[in-house]
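Here's the structure, in structure tokens; my notes come after.
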Number of protein chains: 2
Amino acid sequence: MTHPVPADLARFAEALAERAATETLPRFRDAADAQNKTPDRGYDPVTEADRQAERALRAAVADRFPDHAFLGEEDGASGGASPWRWVVDPVDGTRSFVCGVPVWSTLIALEYEGVPVHGVIDQPVLGQRWTGGMDNPALLNGDPARTSGCERLEDARLMITDIRTAPEGYLSESQAGRLAALWRRCRLLRQGLDSFAFGLVASGRMDLVVEAGLHWHDIAAVIPVVEAAGGTVTDWQGERPREGWDGTCIAASSLALAEAARAVMTA
Amino acid sequence: MTHPVPADLARFAEALAERAATETLPRFRDAADAQNKTPDRGYDPVTEADRQAERALRAAVADRFPDHAFLGEEDGASGGASPWRWVVDPVDGTRSFVCGVPVWSTLIALEYEGVPVHGVIDQPVLGQRWTGGMDNPALLNGDPARTSGCERLEDARLMITDIRTAPEGYLSESQAGRLAALWRRCRLLRQGLDSFAFGLVASGRMDLVVEAGLHWHDIAAVIPVVEAAGGTVTDWQGERPREGWDGTCIAASSLALAEAARAVMTA
């Protein structure tokens, strides 16, 4: 099922993050001017950042590893029949990007036969890059990253990107009710951090992320990073997410905390 | 009522922001290690950052302008009988600070006879500092800052720090209902940004901030900055906030947007 991650692929994952930043960073920094000049086109900078970064990464993979497959948020699947596949979300956290808040991330996952074995969570404005996976330790900017080890909801710093129900939020009424039961038991709740929060869990700054409505490109990269840091990532039923799963997620600093959260989410 | 702001006081406001950063920045960066070692004391780094920064700023004002008054979030009022008063919140956005998310701010207001005439919003991790007031243009890192000019709710990027009701949030049921009516009409909602969002309004990256439950030290510094950038700051009734007001706030990129938001909040 899995396969050792060659060192050149782990290095290439970071090179992809750097390539993406050359497309995203200038557009993030210029967005204020762009929006002042064209107030009706406030979303353009991020759309362009997403599209150009994904194109650049797709081309870089095709050039270096033409048999590898590629899945991007914007333009879907391409590439060859290799068991290796790259899954990319060039700008996860579009709303933050648009508003000038540097908690969006570039997500790069490397899969072997559908299992994410290595991941990169990159925030180039802050200069924070988490890497790690099955054969590589979790690192934040090259230094070891470990989860907090927090085991109790009462101590947990929780992130949920949006507690609102559809259509403005992602949640059903039933999901929102369970999440309210959860945040009422936690030490604090942060919102709006998208996948940046998984990096914070990997380095012990947060303890718990619970989400619904995720896509595969939102989570494929974070699973190997959080697991390598000593944490755990499952759906709300306790199963490891795979492509096509139900879009729910519990990422926790410890198995005990994950189980405590799951008990609330399935009550 | 008001008084021209001497250039040396405007410069001193920035010197205070730099002094505060020497207390807050190292504690922000070290907090991950501190929390891994002592998981039961996750709040200590920010408490210590708040306390030490406020002490340093209080001492700096007493040393340079011994007749000036001083109001801090942590230790209250001190100083002389001058009409000049400094109002300081060393770390606004404690929850973000604790979680390693650099959207907390140091807020420094200069009042003359109770009216904020100059303000600083400083985010030292990002290196973003907004300054401005009645006699000084709004600047972000020395460059002119202007609001977006956005006039319609449908185009507005809205920030509300927490849409939850008490006790976990700050809102009454009635306030939460009005805010829901508001965010349903806006282009997008961001949460959890605290006073950093006022800086984003001043530089055109967001358009509208609506809050309740604020303290005077949360808002005194942002009023002069947002107004100097072409925006407007009132309470939900349309009055300019003064110490002891009801804690509500509408900060908007334009008068038209402020009036549209007020119509929803008072419906």
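Ligands are numbered from 1 in the order shown, chains are lettered A, B, ... in the order of the structure tokens, and residues start at 1 in each chain.
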### Query
Got a sec to tell me which of region 34-170 of chain A DSSP assigns to strand (DSSP E or B), as a VMD selection string?
chain A and resid 69 to 72 76 to 79 84 to 92 105 to 112 115 to 123 128 to 133 136 to 140 143 to 144 157 to 159 165
Write the residues you've just listed into a file as a compact mmCIF listing (two decimals), in the first residue's frame, and include N, CA and C atoms for each of them.
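What ended up in out.txt:
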# COMPACT_ATOMS: atom_id res chain seq x y z
N ALA A 69 1.05 11.52 -11.54
CA ALA A 69 -0.27 12.13 -11.69
C ALA A 69 -0.33 13.42 -10.89
N PHE A 70 -1.33 14.26 -11.20
CA PHE A 70 -1.45 15.57 -10.56
C PHE A 70 -2.93 15.89 -10.40
N LEU A 71 -3.30 16.36 -9.21
CA LEU A 71 -4.67 16.80 -8.97
C LEU A 71 -4.61 18.19 -8.35
N GLY A 72 -5.23 19.17 -9.02
CA GLY A 72 -5.26 20.52 -8.50
C GLY A 72 -6.67 20.97 -8.23
N GLY A 76 -8.27 20.36 -11.95
CA GLY A 76 -8.50 18.92 -11.91
C GLY A 76 -7.28 18.07 -12.14
N ALA A 77 -7.51 16.88 -12.75
CA ALA A 77 -6.50 15.84 -12.85
C ALA A 77 -5.76 15.90 -14.17
N SER A 78 -4.47 15.50 -14.10
CA SER A 78 -3.67 15.36 -15.32
C SER A 78 -2.53 14.41 -14.99
N GLY A 79 -1.64 14.15 -15.99
CA GLY A 79 -0.44 13.39 -15.73
C GLY A 79 -0.57 11.91 -16.05
N TRP A 84 2.51 7.41 -7.91
CA TRP A 84 2.74 8.70 -7.25
C TRP A 84 1.80 9.75 -7.82
N ARG A 85 1.18 10.52 -6.91
CA ARG A 85 0.33 11.63 -7.36
C ARG A 85 0.54 12.84 -6.45
N TRP A 86 0.57 14.00 -7.06
CA TRP A 86 0.67 15.27 -6.33
C TRP A 86 -0.72 15.90 -6.25
N VAL A 87 -1.11 16.29 -5.03
CA VAL A 87 -2.42 16.92 -4.81
C VAL A 87 -2.16 18.32 -4.25
N VAL A 88 -2.64 19.34 -4.96
CA VAL A 88 -2.24 20.72 -4.67
C VAL A 88 -3.45 21.63 -4.48
N ASP A 89 -3.41 22.41 -3.42
CA ASP A 89 -4.32 23.56 -3.28
C ASP A 89 -3.43 24.80 -3.19
N PRO A 90 -3.39 25.59 -4.27
CA PRO A 90 -2.41 26.69 -4.31
C PRO A 90 -2.66 27.75 -3.25
N VAL A 91 -3.94 28.09 -3.02
CA VAL A 91 -4.28 29.07 -1.98
C VAL A 91 -5.47 28.51 -1.20
N ASP A 92 -5.18 27.87 -0.09
CA ASP A 92 -6.25 27.43 0.81
C ASP A 92 -6.49 28.56 1.79
N SER A 105 -2.79 29.25 3.10
CA SER A 105 -1.64 28.34 2.93
C SER A 105 -1.63 27.75 1.53
N THR A 106 -0.46 27.38 1.10
CA THR A 106 -0.30 26.53 -0.08
C THR A 106 -0.12 25.10 0.43
N LEU A 107 -0.95 24.19 -0.09
CA LEU A 107 -0.94 22.80 0.37
C LEU A 107 -0.44 21.89 -0.75
N ILE A 108 0.55 21.07 -0.42
CA ILE A 108 1.11 20.14 -1.40
C ILE A 108 1.21 18.77 -0.76
N ALA A 109 0.49 17.81 -1.33
CA ALA A 109 0.53 16.44 -0.83
C ALA A 109 1.15 15.52 -1.87
N LEU A 110 1.90 14.56 -1.39
CA LEU A 110 2.40 13.49 -2.25
C LEU A 110 1.73 12.20 -1.81
N GLU A 111 1.02 11.57 -2.76
CA GLU A 111 0.35 10.30 -2.47
C GLU A 111 1.08 9.15 -3.15
N TYR A 112 0.99 7.97 -2.52
CA TYR A 112 1.38 6.72 -3.19
C TYR A 112 0.16 5.81 -3.17
N VAL A 115 -2.70 7.09 -1.00
CA VAL A 115 -2.46 7.39 0.42
C VAL A 115 -1.47 8.54 0.52
N PRO A 116 -1.83 9.61 1.21
CA PRO A 116 -0.88 10.73 1.36
C PRO A 116 0.28 10.28 2.25
N VAL A 117 1.49 10.36 1.71
CA VAL A 117 2.66 9.90 2.45
C VAL A 117 3.61 11.04 2.84
N HIS A 118 3.39 12.20 2.25
CA HIS A 118 4.24 13.36 2.58
C HIS A 118 3.44 14.63 2.29
N GLY A 119 3.66 15.64 3.13
CA GLY A 119 2.90 16.87 2.95
C GLY A 119 3.72 18.12 3.23
N VAL A 120 3.28 19.23 2.64
CA VAL A 120 3.83 20.55 2.90
C VAL A 120 2.67 21.51 3.13
N ILE A 121 2.75 22.27 4.23
CA ILE A 121 1.82 23.38 4.50
C ILE A 121 2.70 24.63 4.52
N ASP A 122 2.52 25.50 3.54
CA ASP A 122 3.43 26.64 3.39
C ASP A 122 2.69 27.96 3.51
N GLN A 123 3.16 28.84 4.41
CA GLN A 123 2.62 30.20 4.52
C GLN A 123 3.77 31.17 4.24
N GLN A 128 6.49 30.54 7.22
CA GLN A 128 6.31 29.32 8.04
C GLN A 128 5.98 28.16 7.10
N ARG A 129 6.81 27.15 7.13
CA ARG A 129 6.60 25.98 6.29
C ARG A 129 6.70 24.71 7.12
N TRP A 130 5.58 23.99 7.17
CA TRP A 130 5.58 22.69 7.84
C TRP A 130 5.75 21.59 6.79
N THR A 131 6.58 20.62 7.09
CA THR A 131 6.77 19.46 6.21
C THR A 131 6.78 18.20 7.06
N GLY A 132 6.51 17.07 6.43
CA GLY A 132 6.61 15.81 7.16
C GLY A 132 5.76 14.73 6.53
N GLY A 133 5.97 13.51 7.00
CA GLY A 133 5.20 12.40 6.46
C GLY A 133 5.68 11.08 7.02
N ASN A 136 9.47 10.93 6.98
CA ASN A 136 10.19 12.16 7.31
C ASN A 136 9.60 12.77 8.57
N PRO A 137 10.42 13.29 9.44
CA PRO A 137 9.90 13.91 10.66
C PRO A 137 9.12 15.17 10.33
N ALA A 138 8.23 15.55 11.23
CA ALA A 138 7.53 16.83 11.07
C ALA A 138 8.49 17.94 11.43
N LEU A 139 8.57 18.93 10.54
CA LEU A 139 9.46 20.07 10.75
C LEU A 139 8.70 21.36 10.50
N LEU A 140 9.03 22.38 11.27
CA LEU A 140 8.58 23.74 10.97
C LEU A 140 9.84 24.55 10.67
N ASP A 143 13.04 22.89 11.86
CA ASP A 143 13.15 22.48 13.26
C ASP A 143 12.04 21.48 13.60
N PRO A 144 12.33 20.54 14.50
CA PRO A 144 11.31 19.53 14.83
C PRO A 144 10.00 20.17 15.31
N ARG A 157 -7.27 24.24 22.69
CA ARG A 157 -7.47 25.40 21.82
C ARG A 157 -7.99 24.85 20.49
N LEU A 158 -9.24 25.16 20.20
CA LEU A 158 -9.99 24.56 19.09
C LEU A 158 -10.10 25.52 17.92
N MET A 159 -9.96 25.02 16.69
CA MET A 159 -10.23 25.81 15.49
C MET A 159 -11.32 25.16 14.67
N THR A 165 -24.13 27.88 9.57
CA THR A 165 -24.77 26.86 8.74
C THR A 165 -24.87 27.37 7.30
Could you give me the residues within region 16-215 of chain A that DSSP places in helix (DSSP H, G or I), as a CSV table (one decimal) with C-alpha atoms, in the first residue's frame?
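Listing of out09.csv after writing:
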chain,number,residue,atom,x,y,z
A,16,LEU,CA,7.0,23.3,-5.5
A,17,ALA,CA,6.0,25.4,-2.4
A,18,GLU,CA,8.7,27.9,-3.4
A,19,ARG,CA,7.5,28.0,-7.0
A,20,ALA,CA,3.9,28.6,-5.8
A,21,ALA,CA,5.0,31.5,-3.6
A,22,THR,CA,6.5,33.3,-6.6
A,23,GLU,CA,2.9,33.5,-8.0
A,24,THR,CA,0.9,34.0,-4.7
A,25,LEU,CA,3.1,36.5,-2.7
A,26,PRO,CA,3.2,39.4,-5.2
A,27,ARG,CA,-0.5,39.2,-5.8
A,28,PHE,CA,-1.2,39.1,-2.0
A,29,ARG,CA,0.9,42.2,-1.4
A,30,ASP,CA,-0.5,44.1,-4.4
A,31,ALA,CA,-4.1,43.3,-3.7
A,32,ALA,CA,-4.8,46.5,-1.8
A,33,ASP,CA,-3.9,48.7,-4.7
A,34,ALA,CA,-5.7,46.4,-7.2
A,35,GLN,CA,-8.9,46.6,-5.0
A,36,ASN,CA,-8.7,50.4,-4.6
A,37,LYS,CA,-8.5,50.8,-8.4
A,39,PRO,CA,-13.5,47.8,-6.3
A,40,ASP,CA,-15.8,45.5,-8.3
A,41,ARG,CA,-13.1,43.0,-8.9
A,44,ASP,CA,-9.5,38.8,-9.0
A,45,PRO,CA,-6.1,38.8,-7.2
A,46,VAL,CA,-6.7,35.5,-5.5
A,47,THR,CA,-8.3,33.8,-8.5
A,48,GLU,CA,-5.3,34.8,-10.5
A,49,ALA,CA,-2.9,33.6,-7.7
A,50,ASP,CA,-4.7,30.3,-7.5
A,51,ARG,CA,-4.8,29.7,-11.2
A,52,GLN,CA,-1.2,30.8,-12.0
A,53,ALA,CA,0.3,28.9,-9.1
A,54,GLU,CA,-1.5,25.7,-10.0
A,55,ARG,CA,-0.5,26.0,-13.6
A,56,ALA,CA,3.1,26.5,-12.6
A,57,LEU,CA,3.1,23.5,-10.3
A,58,ARG,CA,1.4,21.3,-12.8
A,59,ALA,CA,4.0,22.2,-15.4
A,60,ALA,CA,6.9,21.6,-12.9
A,61,VAL,CA,5.7,18.1,-12.1
A,62,ALA,CA,5.1,17.3,-15.7
A,63,ASP,CA,8.6,18.5,-16.6
A,64,ARG,CA,10.4,16.7,-13.8
A,94,THR,CA,-9.2,32.5,-0.2
A,95,ARG,CA,-11.2,34.8,2.1
A,96,SER,CA,-8.1,35.5,4.2
A,97,PHE,CA,-6.0,36.1,1.1
A,98,VAL,CA,-8.6,38.6,-0.2
A,99,CYS,CA,-8.7,40.5,3.1
A,153,LEU,CA,-11.2,19.2,25.8
A,154,GLU,CA,-11.2,21.6,28.8
A,155,ASP,CA,-7.5,22.5,27.9
A,173,GLU,CA,-28.0,22.4,11.4
A,174,SER,CA,-27.1,19.0,12.9
A,175,GLN,CA,-23.4,19.5,12.4
A,176,ALA,CA,-23.5,23.0,13.8
A,177,GLY,CA,-25.3,21.8,16.9
A,178,ARG,CA,-22.6,19.2,17.6
A,179,LEU,CA,-19.8,21.7,17.0
A,180,ALA,CA,-21.5,24.1,19.5
A,181,ALA,CA,-21.6,21.3,22.1
A,182,LEU,CA,-17.9,20.9,21.4
A,183,TRP,CA,-16.7,24.5,21.6
A,196,PHE,CA,-3.0,27.0,8.6
A,197,ALA,CA,-4.6,25.7,11.9
A,198,PHE,CA,-3.3,22.2,11.1
A,199,GLY,CA,0.2,23.6,11.0
A,200,LEU,CA,-0.4,25.2,14.4
A,201,VAL,CA,-1.6,21.8,15.8
A,202,ALA,CA,1.6,20.2,14.4
### Message
Please check the contacts: residues of chain B at most 7 Å away from chain A, using only C-alpha atoms, listed as a list in words.
### Response
Ala32, Asn36, Cys99, Gly100, Ser148, Arg190, Gln191, Gly192, Gly204, Arg205 and Met206 of chain B
Restricting the output to N, CA, C and O atoms, write the selected residues as a PDB file, in the first residue's frame.
ATOM      1  N   ALA B  32       5.359  28.415  22.034  1.00  0.00           N
ATOM      2  CA  ALA B  32       5.185  26.999  21.710  1.00  0.00           C
ATOM      3  C   ALA B  32       5.996  26.142  22.663  1.00  0.00           C
ATOM      4  O   ALA B  32       5.490  25.188  23.249  1.00  0.00           O
ATOM      5  N   ASN B  36       4.607  23.510  25.505  1.00  0.00           N
ATOM      6  CA  ASN B  36       4.914  22.089  25.507  1.00  0.00           C
ATOM      7  C   ASN B  36       5.439  21.636  26.859  1.00  0.00           C
ATOM      8  O   ASN B  36       5.152  20.545  27.302  1.00  0.00           O
ATOM      9  N   CYS B  99      -2.475  31.277  20.443  1.00  0.00           N
ATOM     10  CA  CYS B  99      -2.507  30.214  19.439  1.00  0.00           C
ATOM     11  C   CYS B  99      -1.444  30.380  18.352  1.00  0.00           C
ATOM     12  O   CYS B  99      -1.421  29.606  17.387  1.00  0.00           O
ATOM     13  N   GLY B 100      -0.590  31.397  18.487  1.00  0.00           N
ATOM     14  CA  GLY B 100       0.465  31.557  17.497  1.00  0.00           C
ATOM     15  C   GLY B 100       0.004  32.197  16.202  1.00  0.00           C
ATOM     16  O   GLY B 100       0.642  32.016  15.164  1.00  0.00           O
ATOM     17  N   SER B 148     -11.046  51.497   1.325  1.00  0.00           N
ATOM     18  CA  SER B 148     -11.420  51.063  -0.024  1.00  0.00           C
ATOM     19  C   SER B 148     -12.424  52.001  -0.671  1.00  0.00           C
ATOM     20  O   SER B 148     -12.554  52.013  -1.896  1.00  0.00           O
ATOM     21  N   ARG B 190     -15.202  37.660   7.995  1.00  0.00           N
ATOM     22  CA  ARG B 190     -14.033  37.116   8.682  1.00  0.00           C
ATOM     23  C   ARG B 190     -14.258  37.298  10.179  1.00  0.00           C
ATOM     24  O   ARG B 190     -14.867  38.281  10.606  1.00  0.00           O
ATOM     25  N   GLN B 191     -13.720  36.352  10.967  1.00  0.00           N
ATOM     26  CA  GLN B 191     -13.830  36.455  12.417  1.00  0.00           C
ATOM     27  C   GLN B 191     -12.443  36.353  13.048  1.00  0.00           C
ATOM     28  O   GLN B 191     -11.480  35.942  12.418  1.00  0.00           O
ATOM     29  N   GLY B 192     -12.375  36.735  14.334  1.00  0.00           N
ATOM     30  CA  GLY B 192     -11.189  36.477  15.137  1.00  0.00           C
ATOM     31  C   GLY B 192     -10.027  37.421  14.906  1.00  0.00           C
ATOM     32  O   GLY B 192      -8.912  37.136  15.341  1.00  0.00           O
ATOM     33  N   GLY B 204      -7.723  49.490   3.180  1.00  0.00           N
ATOM     34  CA  GLY B 204      -8.535  49.071   2.041  1.00  0.00           C
ATOM     35  C   GLY B 204      -8.596  47.581   1.809  1.00  0.00           C
ATOM     36  O   GLY B 204      -9.078  47.145   0.764  1.00  0.00           O
ATOM     37  N   ARG B 205      -8.122  46.776   2.759  1.00  0.00           N
ATOM     38  CA  ARG B 205      -8.193  45.322   2.583  1.00  0.00           C
ATOM     39  C   ARG B 205      -9.490  44.743   3.128  1.00  0.00           C
ATOM     40  O   ARG B 205      -9.892  43.643   2.762  1.00  0.00           O
ATOM     41  N   MET B 206     -10.108  45.415   4.091  1.00  0.00           N
ATOM     42  CA  MET B 206     -11.458  45.076   4.517  1.00  0.00           C
ATOM     43  C   MET B 206     -12.276  46.371   4.445  1.00  0.00           C
ATOM     44  O   MET B 206     -11.711  47.459   4.232  1.00  0.00           O
TER      45      MET B 206
END
### Task
Just the residues within 12 Å of Pro241 (chain A), please, counting only C-alpha atoms, with nothing from its chain fewer than 4 positions along; format it as an MDAnalysis selection string.
chainID A and resid 114:116 212 214:224 232:237 245:251
### Query
Got a sec: who's within 6 Å of Gly231 (chain A), counting only C-alpha atoms, leaving out chain neighbours fewer than 6 positions off, as a PyMOL selection string?
chain A and resi 252-254
For the selection just defined, write its residues with N, CA and C atoms to a file, as a tab-separated table (two decimals), in the first residue's frame.
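Output below, filename part_19.tsv:
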chain	number	residue	atom	x	y	z
A	252	ALA	N	-6.15	16.20	15.94
A	252	ALA	CA	-5.95	16.42	17.37
A	252	ALA	C	-4.50	16.18	17.75
A	253	SER	N	-4.13	16.82	18.85
A	253	SER	CA	-2.77	16.74	19.36
A	253	SER	C	-2.45	15.38	19.99
A	254	SER	N	-3.48	14.61	20.32
A	254	SER	CA	-3.26	13.29	20.94
A	254	SER	C	-4.46	12.41	20.63
### Interatomic distance (Å, one decimal) between CA of Glu239 (chain A) and CA of Cys186 (chain A)
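Answer for the CA of Glu239 (chain A) to CA of Cys186 (chain A) separation: 22.7 Å.
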### Task
One decimal, Å: what's the distance from CA of Asp8 (chain B) over to CA of Gly127 (chain B), could you say?
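Calculated distance between CA of Asp8 (chain B) and CA of Gly127 (chain B) is 22.3 Å.
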